[in-house]
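One file, final31.txt, is given below (compact mmCIF, C-alpha atoms).
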```
# COMPACT_ATOMS: atom_id res chain seq x y z
CA MET A 48 -9.31 -26.66 40.27
CA VAL A 49 -11.14 -25.29 37.23
CA GLU A 50 -8.58 -26.96 34.92
CA ARG A 51 -9.59 -30.38 36.22
CA ALA A 52 -13.26 -29.50 35.73
CA MET A 53 -12.64 -28.91 31.98
CA LYS A 54 -11.84 -31.34 29.20
CA MET A 55 -11.28 -30.95 25.46
CA VAL A 56 -14.05 -32.19 23.17
CA ASP A 57 -14.57 -32.06 19.40
CA ARG A 58 -16.78 -29.05 19.61
CA HIS A 59 -16.46 -26.17 17.10
CA ALA A 60 -16.96 -22.48 17.66
CA PRO A 61 -19.33 -21.04 15.04
CA GLY A 62 -17.51 -19.65 12.02
CA PHE A 63 -14.01 -20.47 13.24
CA GLY A 64 -13.69 -24.26 13.02
CA ILE A 65 -11.56 -24.59 16.18
CA ARG A 66 -11.54 -26.92 19.16
CA VAL A 67 -12.64 -25.26 22.39
CA PRO A 68 -12.82 -26.38 26.03
CA SER A 69 -16.15 -27.69 27.36
CA VAL A 70 -17.35 -27.98 30.95
CA GLU A 71 -17.80 -31.44 32.52
CA LEU A 72 -21.42 -32.49 32.73
CA ASN A 73 -21.47 -33.09 36.53
CA PRO A 74 -19.35 -30.57 38.39
CA ARG A 75 -19.72 -30.35 42.14
CA PRO A 76 -22.81 -28.25 43.05
CA GLU A 77 -20.96 -25.77 45.18
CA THR A 78 -18.75 -24.66 42.24
CA ARG A 79 -21.10 -25.13 39.31
CA ASP A 80 -21.84 -21.41 38.65
CA SER A 81 -18.27 -20.18 39.00
CA LYS A 82 -16.96 -22.96 36.80
CA ARG A 83 -19.55 -22.25 34.15
CA VAL A 84 -18.60 -18.58 34.10
CA LEU A 85 -14.88 -19.34 33.90
CA ALA A 86 -15.42 -21.93 31.20
CA ALA A 87 -17.53 -19.54 29.15
CA MET A 88 -14.84 -16.87 29.47
CA ALA A 89 -12.19 -19.33 28.34
CA VAL A 90 -14.26 -20.27 25.29
CA LEU A 91 -14.82 -16.60 24.44
CA LEU A 92 -11.13 -15.73 24.74
CA VAL A 93 -10.09 -18.64 22.58
CA CYS A 94 -12.70 -17.80 19.96
CA LEU A 95 -11.73 -14.15 19.88
CA GLY A 96 -8.01 -14.87 19.73
CA VAL A 97 -8.15 -17.54 17.07
CA GLY A 98 -10.89 -15.74 15.21
CA ALA A 99 -8.77 -12.59 14.93
CA ALA A 100 -5.83 -14.62 13.68
CA HIS A 101 -8.09 -16.35 11.18
CA LEU A 102 -9.42 -13.05 9.86
CA SER A 103 -5.97 -11.46 9.57
CA ALA A 104 -4.76 -14.44 7.55
CA GLN A 105 -7.53 -14.09 4.98
CA PRO A 106 -6.12 -13.38 1.50
CA LEU A 107 -6.66 -9.86 0.29
CA PRO A 108 -9.01 -9.30 -2.67
CA LYS A 109 -7.84 -9.71 -6.23
CA THR A 110 -6.16 -6.53 -7.41
CA VAL A 111 -4.27 -4.93 -10.30
CA ALA A 112 -0.84 -3.30 -10.32
CA MET A 113 0.22 -1.19 -13.28
CA ILE A 114 3.60 -1.28 -15.01
CA GLY A 115 4.65 1.65 -17.18
CA ALA A 116 8.02 0.42 -18.46
CA ARG A 117 9.41 -2.78 -19.94
CA SER A 118 12.77 -2.19 -18.31
CA GLY A 119 14.64 -2.89 -15.10
CA ALA A 120 12.42 -0.35 -13.32
CA SER A 121 9.74 -3.06 -13.26
CA TRP A 122 12.02 -5.88 -12.12
CA PRO A 123 10.73 -6.07 -8.49
CA LEU A 124 7.11 -6.32 -9.66
CA TRP A 125 7.86 -9.08 -12.16
CA ILE A 126 9.85 -11.07 -9.57
CA ALA A 127 7.12 -10.62 -6.94
CA LYS A 128 4.59 -12.03 -9.38
CA ASP A 129 6.66 -14.83 -10.90
CA ALA A 130 8.29 -16.02 -7.67
CA GLY A 131 4.99 -16.14 -5.74
CA LEU A 132 5.88 -13.31 -3.36
CA TYR A 133 2.60 -11.47 -3.84
CA ALA A 134 0.80 -14.67 -2.87
CA LYS A 135 3.13 -15.10 0.12
CA TYR A 136 1.94 -11.76 1.50
CA GLY A 137 -1.75 -12.41 0.81
CA LEU A 138 -2.09 -10.64 -2.53
CA ASP A 139 -3.63 -11.92 -5.75
CA VAL A 140 -2.13 -9.47 -8.25
CA GLU A 141 -2.59 -9.06 -11.98
CA LEU A 142 0.21 -7.02 -13.57
CA VAL A 143 -0.94 -4.79 -16.44
CA TYR A 144 1.37 -2.86 -18.79
CA ALA A 145 0.29 0.53 -20.15
CA VAL A 146 2.08 3.68 -21.25
CA HIS A 147 1.86 6.98 -19.37
CA PRO A 148 -0.57 8.39 -18.31
CA ALA A 149 -2.75 5.26 -18.32
CA PRO A 150 -1.23 3.72 -15.14
CA ILE A 151 -1.91 6.87 -13.10
CA VAL A 152 -5.43 7.15 -14.53
CA ALA A 153 -6.03 3.54 -13.47
CA ILE A 154 -5.04 4.39 -9.88
CA ILE A 155 -7.23 7.50 -9.79
CA SER A 156 -10.23 5.59 -11.14
CA GLY A 157 -9.75 2.70 -8.72
CA GLN A 158 -9.14 0.17 -11.51
CA ALA A 159 -5.68 -0.55 -10.05
CA ALA A 160 -4.25 -0.50 -6.54
CA MET A 161 -0.78 0.84 -7.28
CA THR A 162 1.77 1.61 -9.95
CA SER A 163 5.53 1.97 -10.04
CA SER A 164 5.83 5.48 -11.45
CA GLY A 165 8.64 7.82 -12.38
CA SER A 166 9.12 10.48 -9.72
CA ASP A 167 8.17 13.41 -11.95
CA PRO A 168 4.81 12.10 -13.20
CA ALA A 169 4.00 10.71 -9.75
CA LEU A 170 4.44 14.04 -7.95
CA LEU A 171 2.81 16.04 -10.74
CA ALA A 172 -0.23 13.77 -10.58
CA ALA A 173 -0.36 13.91 -6.76
CA SER A 174 -0.15 17.72 -6.87
CA LYS A 175 -3.25 17.81 -9.09
CA ASP A 176 -5.24 15.06 -7.36
CA PRO A 177 -5.22 14.84 -3.54
CA ALA A 178 -6.53 11.26 -3.79
CA LEU A 179 -3.00 10.13 -4.75
CA VAL A 180 -0.02 9.59 -2.46
CA VAL A 181 3.57 8.40 -2.86
CA LEU A 182 4.42 5.73 -0.28
CA GLY A 183 8.12 5.21 -1.02
CA GLY A 184 10.47 4.42 -3.86
CA PHE A 185 12.76 1.53 -4.80
CA MET A 186 14.99 3.14 -7.46
CA ASN A 187 16.99 6.36 -7.57
CA LYS A 188 19.29 5.58 -10.47
CA GLY A 189 18.42 5.03 -14.10
CA SER A 190 19.83 2.50 -16.53
CA PHE A 191 19.57 5.00 -19.39
CA ALA A 192 22.35 5.89 -21.79
CA MET A 193 22.49 8.71 -24.31
CA ILE A 194 23.15 6.96 -27.61
CA GLY A 195 24.39 8.93 -30.61
CA SER A 196 24.11 8.35 -34.33
CA LYS A 197 27.16 7.17 -36.24
CA THR A 198 27.98 10.82 -37.00
CA THR A 199 27.44 12.05 -33.41
CA THR A 200 30.11 10.53 -31.19
CA ASP A 201 30.42 13.04 -28.34
CA MET A 202 27.96 14.83 -26.04
CA LYS A 203 29.41 18.23 -27.01
CA GLN A 204 28.45 17.55 -30.63
CA LEU A 205 24.77 17.62 -29.69
CA ALA A 206 24.54 21.42 -29.91
CA GLY A 207 22.00 22.19 -32.63
CA LYS A 208 21.21 18.47 -33.16
CA LYS A 209 17.95 16.54 -32.81
CA VAL A 210 17.44 14.63 -29.54
CA GLY A 211 14.65 12.07 -29.38
CA ILE A 212 12.34 11.93 -26.36
CA GLY A 213 8.83 10.71 -25.62
CA ARG A 214 7.55 14.24 -25.14
CA VAL A 215 8.73 17.49 -23.57
CA GLY A 216 8.27 17.12 -19.81
CA ASP A 217 8.50 13.33 -19.59
CA PRO A 218 11.24 11.57 -17.54
CA PRO A 219 13.60 10.95 -20.52
CA TYR A 220 13.35 14.64 -21.38
CA HIS A 221 14.39 15.70 -17.88
CA MET A 222 17.17 13.10 -17.75
CA ALA A 223 18.48 14.44 -21.06
CA VAL A 224 18.32 18.01 -19.74
CA SER A 225 20.34 16.97 -16.67
CA LEU A 226 22.97 15.34 -18.88
CA LEU A 227 23.18 18.38 -21.15
CA LYS A 228 23.84 20.60 -18.09
CA LYS A 229 26.85 18.41 -17.28
CA TYR A 230 28.31 19.42 -20.64
CA GLY A 231 27.44 23.11 -20.43
CA MET A 232 24.28 23.04 -22.58
CA THR A 233 20.70 24.11 -21.95
CA THR A 234 17.32 23.04 -23.29
CA ARG A 235 17.62 25.64 -26.05
CA ASP A 236 20.85 24.23 -27.42
CA VAL A 237 19.22 21.16 -28.99
CA GLN A 238 16.12 20.35 -31.02
CA TRP A 239 13.65 18.15 -29.13
CA VAL A 240 11.82 15.54 -31.19
CA SER A 241 8.84 13.69 -29.69
CA ILE A 242 8.91 10.11 -30.96
CA GLY A 243 7.11 7.99 -28.37
CA VAL A 244 7.51 6.89 -24.77
CA ASP A 245 8.81 3.39 -25.47
CA ALA A 246 12.59 2.88 -25.62
CA ALA A 247 12.22 0.64 -28.69
CA THR A 248 10.51 3.47 -30.58
CA ARG A 249 13.31 5.90 -29.76
CA ALA A 250 15.89 3.30 -30.77
CA ALA A 251 14.17 2.80 -34.13
CA ALA A 252 14.07 6.57 -34.73
CA LEU A 253 17.78 6.79 -33.97
CA GLN A 254 18.66 3.95 -36.33
CA SER A 255 16.52 5.41 -39.11
CA GLY A 256 18.19 8.84 -38.86
CA GLN A 257 15.17 10.73 -37.54
CA VAL A 258 17.25 11.95 -34.58
CA ASP A 259 20.93 12.39 -33.80
CA ALA A 260 20.73 11.06 -30.23
CA ALA A 261 18.26 9.59 -27.78
CA LEU A 262 18.12 8.33 -24.23
CA ILE A 263 17.62 4.57 -24.35
CA THR A 264 17.23 2.26 -21.37
CA ALA A 265 18.93 -1.09 -20.82
CA PRO A 266 18.72 -3.67 -22.31
CA ALA A 267 17.55 -1.89 -25.50
CA TYR A 268 20.69 0.23 -25.79
CA PHE A 269 22.99 -2.81 -25.69
CA ARG A 270 21.79 -3.80 -29.15
CA LEU A 271 22.52 -0.32 -30.48
CA GLN A 272 26.07 -0.60 -29.15
CA THR A 273 26.43 -3.92 -30.93
CA ALA A 274 25.21 -2.25 -34.12
CA GLY A 275 28.04 0.26 -33.83
CA LEU A 276 26.25 3.29 -32.37
CA PRO A 277 28.27 5.21 -29.75
CA VAL A 278 27.39 5.60 -26.07
CA LEU A 279 27.74 9.31 -25.36
CA ALA A 280 26.92 9.23 -21.63
CA VAL A 281 25.52 6.84 -19.03
CA LEU A 282 23.26 8.10 -16.23
CA LEU A 283 24.66 5.60 -13.72
CA ASP A 284 27.95 7.53 -13.90
CA HIS A 285 26.24 10.55 -12.29
CA ASP A 286 25.04 9.95 -8.73
CA ASP A 287 23.57 13.45 -8.53
CA ILE A 288 21.11 12.79 -11.38
CA TYR A 289 18.14 11.22 -9.64
CA VAL A 290 16.11 8.86 -11.80
CA SER A 291 13.62 7.63 -9.24
CA THR A 292 10.75 5.18 -9.32
CA TYR A 293 8.05 5.69 -6.68
CA TYR A 294 5.17 3.63 -5.33
CA LEU A 295 1.99 5.53 -6.18
CA PHE A 296 -1.24 4.54 -4.39
CA ARG A 297 -4.63 5.99 -3.57
CA ARG A 298 -4.70 7.78 -0.22
CA GLU A 299 -6.84 5.00 1.24
CA ALA A 300 -3.62 2.97 1.38
CA LEU A 301 -2.75 4.95 4.52
CA THR A 302 -5.96 3.91 6.28
CA ARG A 303 -8.45 1.23 5.28
CA GLU A 304 -6.19 -0.27 2.56
CA ARG A 305 -3.02 -0.08 4.66
CA SER A 306 -2.59 -3.86 5.00
CA MET A 307 -2.68 -4.19 1.23
CA ALA A 308 -0.12 -1.42 0.70
CA LEU A 309 2.20 -2.96 3.31
CA ALA A 310 1.88 -6.32 1.57
CA PHE A 311 2.94 -4.75 -1.74
CA ILE A 312 6.00 -3.11 -0.18
CA LYS A 313 6.97 -6.33 1.60
CA ALA A 314 6.62 -8.40 -1.58
CA HIS A 315 8.73 -5.95 -3.58
CA ALA A 316 11.41 -5.74 -0.88
CA GLU A 317 11.75 -9.52 -0.82
CA ALA A 318 11.77 -9.50 -4.62
CA ILE A 319 14.76 -7.15 -4.52
CA LYS A 320 16.56 -9.53 -2.18
CA ARG A 321 15.80 -12.37 -4.58
CA PHE A 322 17.17 -10.23 -7.42
CA TYR A 323 20.56 -9.90 -5.73
CA ASP A 324 20.62 -13.50 -4.48
CA ASP A 325 19.44 -15.32 -7.60
CA LYS A 326 20.86 -14.13 -10.91
CA SER A 327 19.34 -17.00 -12.88
CA LEU A 328 15.83 -16.09 -11.64
CA ALA A 329 16.35 -12.38 -12.36
CA THR A 330 17.69 -12.90 -15.89
CA ARG A 331 14.98 -15.44 -16.75
CA ILE A 332 12.33 -12.91 -15.69
CA MET A 333 14.00 -10.13 -17.70
CA ILE A 334 13.81 -12.33 -20.80
CA LYS A 335 10.19 -13.26 -20.05
CA TYR A 336 8.85 -9.78 -19.32
CA GLY A 337 11.47 -7.09 -19.79
CA GLY A 338 12.37 -7.01 -23.44
CA ALA A 339 15.70 -8.83 -23.25
CA ARG A 340 15.97 -10.83 -26.46
CA ASN A 341 18.50 -13.34 -25.18
CA VAL A 342 20.54 -14.46 -22.19
CA GLU A 343 23.42 -12.15 -23.12
CA ASP A 344 21.14 -9.07 -23.02
CA ALA A 345 19.62 -10.16 -19.70
CA ASN A 346 23.01 -10.88 -18.13
CA GLN A 347 24.36 -7.50 -19.18
CA ALA A 348 21.34 -5.68 -17.76
CA TYR A 349 21.57 -7.68 -14.55
CA GLU A 350 25.25 -6.88 -14.03
CA LEU A 351 24.58 -3.20 -14.68
CA PHE A 352 21.91 -3.15 -11.95
CA ARG A 353 23.85 -5.35 -9.53
CA LYS A 354 27.11 -3.42 -9.74
CA ALA A 355 25.42 -0.04 -9.21
CA ARG A 356 22.98 -1.44 -6.59
CA VAL A 357 20.18 0.20 -8.53
CA LEU A 358 17.32 -1.51 -6.68
CA GLU A 359 16.94 -0.11 -3.16
CA ALA A 360 16.53 -2.48 -0.22
CA ILE A 361 15.04 0.24 2.01
CA PRO A 362 12.37 1.93 -0.14
CA TYR A 363 12.10 5.43 1.26
CA ALA A 364 11.20 8.34 -1.00
CA LEU A 365 14.41 10.33 -0.58
CA LYS A 366 14.72 14.07 0.00
CA GLY A 367 17.34 14.39 -2.76
CA SER A 368 15.00 12.73 -5.23
CA VAL A 369 12.10 15.01 -4.29
CA ASP A 370 14.34 18.09 -4.49
CA ALA A 371 15.39 17.04 -8.00
CA VAL A 372 11.74 16.87 -9.09
CA VAL A 373 11.06 20.29 -7.57
CA GLU A 374 14.05 21.72 -9.46
CA ARG A 375 12.73 20.29 -12.72
CA GLN A 376 9.02 20.88 -12.14
CA GLY A 377 8.99 23.94 -9.88
CA GLN A 378 6.35 25.85 -11.81
CA GLU A 379 4.01 22.89 -12.13
CA LEU A 380 4.34 22.02 -8.44
CA LYS A 381 4.02 25.61 -7.25
CA GLY A 382 1.64 25.88 -4.32
CA GLY A 383 1.49 22.14 -3.75
CA ASP A 384 2.09 20.67 -0.30
CA LEU A 385 4.76 18.00 -0.73
CA SER A 386 4.21 16.73 2.80
CA LYS A 387 0.71 15.62 1.74
CA MET A 388 1.91 14.08 -1.53
CA ILE A 389 4.61 11.90 0.04
CA ASP A 390 4.24 9.62 3.05
CA ASN A 391 7.08 7.42 4.29
CA SER A 392 5.12 6.12 7.29
CA LEU A 393 4.62 2.61 5.90
CA VAL A 394 8.36 2.18 5.38
CA ASP A 395 8.90 3.60 8.88
CA GLN A 396 6.48 1.01 10.24
CA LEU A 397 8.35 -1.84 8.54
CA VAL A 398 11.63 -0.50 9.93
CA ARG A 399 10.17 -0.48 13.46
CA GLU A 400 8.89 -4.01 12.96
CA LYS A 401 12.40 -5.04 11.79
CA PHE A 402 11.00 -6.37 8.54
CA PHE A 403 14.02 -5.31 6.48
CA GLU A 404 16.48 -6.73 9.02
CA THR A 405 14.59 -10.02 8.97
CA THR A 406 14.49 -10.06 5.17
CA PHE A 407 18.02 -8.89 4.35
CA GLY A 408 19.86 -9.76 7.56
CA ALA A 409 21.55 -7.66 10.23
CA SER A 410 24.05 -6.28 7.71
CA ILE A 411 21.29 -4.04 6.31
CA ARG A 412 21.16 -1.89 9.47
CA GLU A 413 23.80 0.60 8.35
CA GLU A 414 22.08 1.18 5.00
CA GLN A 415 18.72 1.38 6.78
CA GLN A 416 19.97 4.12 9.11
CA ARG A 417 21.48 6.05 6.20
CA LYS A 418 18.28 5.88 4.16
CA GLN A 419 16.19 6.93 7.18
CA ALA A 420 18.35 10.04 7.53
CA GLU A 421 18.04 10.79 3.79
CA ALA A 422 14.27 10.20 3.62
CA PHE A 423 11.91 13.00 2.67
CA GLY A 424 10.45 14.73 5.73
CA ARG A 425 13.47 14.22 8.00
```
Output the file's structure in the form of structure tokens.
Amino acid sequence: MVERAMKMVDRHAPGFGIRVPSVELNPRPETRDSKRVLAAMAVLLVCLGVGAAHLSAQPLPKTVAMIGARSGASWPLWIAKDAGLYAKYGLDVELVYAVHPAPIVAIISGQAAMTSSGSDPALLAASKDPALVVLGGFMNKGSFAMIGSKTTTDMKQLAGKKVGIGRVGDPPYHMAVSLLKKYGMTTRDVQWVSIGVDAATRAAALQSGQVDAALITAPAYFRLQTAGLPVLAVLLDHDDIYVSTYYLFRREALTRERSMALAFIKAHAEAIKRFYDDKSLATRIMIKYGGARNVEDANQAYELFRKARVLEAIPYALKGSVDAVVERQGQELKGGDLSKMIDNSLVDQLVREKFFETTFGASIREEQQRKQAEAFGR
């Protein structure tokens, strides 16, 4: 038998550092050639098999991910970094904060691999630059509240008043427009005041009397409540107002950078599980990165997200979310091919591989099926 003609020796295949079988020095003459051939084939198969495994386990190159908001919308990225989940999936990631449009510019220029972007700016950018693609989304609800001044205590009082936004056309602007529609008002019924993209800047403008109301994200708006300013409306109370956060990558993420993009999505999915499973971790990270000034702020933001299940376990870009962007940005997106801007194939692949079931458990199947049916392109 060939097996008896082979023995293991401390011999290493070049470049792989593995033990391989070696042929005995004095096989019987009549079987020498056949045994040598079989032994050589065995060595080759072992080398190829282990070599492929070795190469696939190599850590991916150092990369940058951009964050555009110091709010709960960045929670999965912070957890993935702080809890070592990027490293678990072979990524060495530096998280960089910058205000819009810098994160998208960084993706276009190749200075960053991905960013978590609001749905409106993501699709507008992808419609202008075919090098960009949306590969899913992990949020479809926003933790924003419309906060009024001490003299503006009801949404219907906003007619003719000043509403603070970052700029006309940015996500807070469109969220405010959607809220106004709920109360029978249009964009012409209020005065829009551009005061900066950061929630803290809008909060300061509200407190100083520059504006009569502004959309402020958690946890910043909790402090305004404590200071006696009224909450006029909360976006989480309106399921039909999509406030989505997408994964925006370069198109190479579908081909030669696919393993990297999959690793990002896996790390963020597991981070979302950790969010729901480990409140102390999530609140500590919100204090460290997300602008929460104390444990009370962080706990309140956490409970808001947990109760509303804001972070999505199955990160499809949803049809309803895309439709909402088209309704808001129809003119800007006119002529664009949404099917080329949005690709859910990586999430589909992870569903087929049962990644989400393995990560979240069998109980996730019902939600997974529902999100598959609601995904863009179905």
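CA of Pro218 in chain A is found 7.8 Å from CA of Pro168 in chain A.
Near Ile263 in chain A, within 7 Å and counting all atoms listed in the file, sit Phe191, Ala192, Met193, Ile194, Ala246, Ala250, Ala267 and Tyr268 of chain A, not including residues fewer than 3 positions from it in the same chain.
Residues within 12 Å of Asp370 in chain A, counting only C-alpha atoms and excluding same-chain residues fewer than 2 positions away, are Ser166, Asp167, Leu170, Asp287, Ile288, Tyr289, Val290, Ser291, Ala364, Leu365, Lys366, Gly367, Ser368, Val372, Val373, Glu374, Arg375, Gln376, Gly377, Leu380, Leu385, Glu421, Ala422, Phe423 and Gly424 of chain A.
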All residues 12 Å or closer to Ala223 in chain A, all atoms listed in the file, same chain fewer than 2 positions away omitted, as JSON, numbers by chain: {"A": [189, 191, 192, 193, 194, 202, 205, 209, 210, 211, 212, 213, 214, 215, 216, 217, 218, 219, 220, 221, 225, 226, 227, 228, 229, 230, 232, 233, 234, 236, 237, 238, 239, 260, 261, 262, 263, 279, 280, 281, 282, 288, 289, 290, 375]}
Write out as CSV the residues of range 152-193 of chain A that have any atom within 8 Å of an atom of range 298-312 of chain A, one row each with the nearest atom pair and its distance in Å to one decimal, counting all atoms listed in the file, sorted by chain and then rising number.
```
residue,atom,partner,partner_atom,distance
A:Pro177,CA,A:Arg298,CA,7.8
A:Ala178,CA,A:Arg298,CA,5.3
A:Leu179,CA,A:Arg298,CA,5.4
A:Val180,CA,A:Arg298,CA,5.5
```
For range 348-352 of chain A, please output as a PDB file with C-alpha atoms, keeping the file's coordinate frame all residues within 8 Å (counting only C-alpha atoms; exclusion window: fewer than 4 positions along the same chain).
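So the final result, stored in around-v9.pdb, reads:
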```pdb
ATOM      1  CA  GLY A 119      14.640  -2.890 -15.100  1.00  0.00           C
ATOM      2  CA  SER A 190      19.830   2.500 -16.530  1.00  0.00           C
ATOM      3  CA  ALA A 265      18.930  -1.090 -20.820  1.00  0.00           C
ATOM      4  CA  PRO A 266      18.720  -3.670 -22.310  1.00  0.00           C
ATOM      5  CA  LYS A 326      20.860 -14.130 -10.910  1.00  0.00           C
ATOM      6  CA  ALA A 329      16.350 -12.380 -12.360  1.00  0.00           C
ATOM      7  CA  THR A 330      17.690 -12.900 -15.890  1.00  0.00           C
ATOM      8  CA  ASP A 344      21.140  -9.070 -23.020  1.00  0.00           C
ATOM      9  CA  ARG A 356      22.980  -1.440  -6.590  1.00  0.00           C
ATOM     10  CA  VAL A 357      20.180   0.200  -8.530  1.00  0.00           C
ATOM     11  CA  LEU A 358      17.320  -1.510  -6.680  1.00  0.00           C
TER      12      LEU A 358
END
```
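Going from CA of Leu283 in chain A to CA of Ala120 in chain A covers 13.6 Å.
The closest residue to Ile151 in chain A, picked from A:Val258, A:Ile114, A:Ala371, A:Leu138 and counting only C-alpha atoms, is A:Ile114.
Atom to atom, CA of Glu413 in chain A and CA of Ile361 in chain A stand 10.8 Å apart.
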Point (1.9, 5.0, -19.7), cut-off 10 Å, counting all atoms listed in the file, residues as a VMD selection string: chain A and resid 113 to 116 144 to 152 164 244 to 245
Who sits within 12 Å of Ile334 in chain A, all atoms listed in the file, same chain under 5 positions skipped, as a list in words: Arg117, Ser118, Gly119, Trp122, Trp125, Ile126, Pro266, Ser327, Leu328, Ala329, Ala339, Arg340, Asn341, Val342, Glu343, Asp344, Ala345, Asn346, Gln347, Ala348 and Tyr349 of chain A
Hey, can you spit out that residue selection with C-alpha atoms as a tab-separated table (two decimals), keeping the file's coordinate frame?
```tsv
chain	number	residue	atom	x	y	z
A	117	ARG	CA	9.41	-2.78	-19.94
A	118	SER	CA	12.77	-2.19	-18.31
A	119	GLY	CA	14.64	-2.89	-15.10
A	122	TRP	CA	12.02	-5.88	-12.12
A	125	TRP	CA	7.86	-9.08	-12.16
A	126	ILE	CA	9.85	-11.07	-9.57
A	266	PRO	CA	18.72	-3.67	-22.31
A	327	SER	CA	19.34	-17.00	-12.88
A	328	LEU	CA	15.83	-16.09	-11.64
A	329	ALA	CA	16.35	-12.38	-12.36
A	339	ALA	CA	15.70	-8.83	-23.25
A	340	ARG	CA	15.97	-10.83	-26.46
A	341	ASN	CA	18.50	-13.34	-25.18
A	342	VAL	CA	20.54	-14.46	-22.19
A	343	GLU	CA	23.42	-12.15	-23.12
A	344	ASP	CA	21.14	-9.07	-23.02
A	345	ALA	CA	19.62	-10.16	-19.70
A	346	ASN	CA	23.01	-10.88	-18.13
A	347	GLN	CA	24.36	-7.50	-19.18
A	348	ALA	CA	21.34	-5.68	-17.76
A	349	TYR	CA	21.57	-7.68	-14.55
```
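Residue nearest Gly338 in chain A within the list A:Ser121, A:Glu141, A:Glu404, A:Lys203: A:Ser121 [criterion: smallest interatomic distance, only C-alpha atoms].
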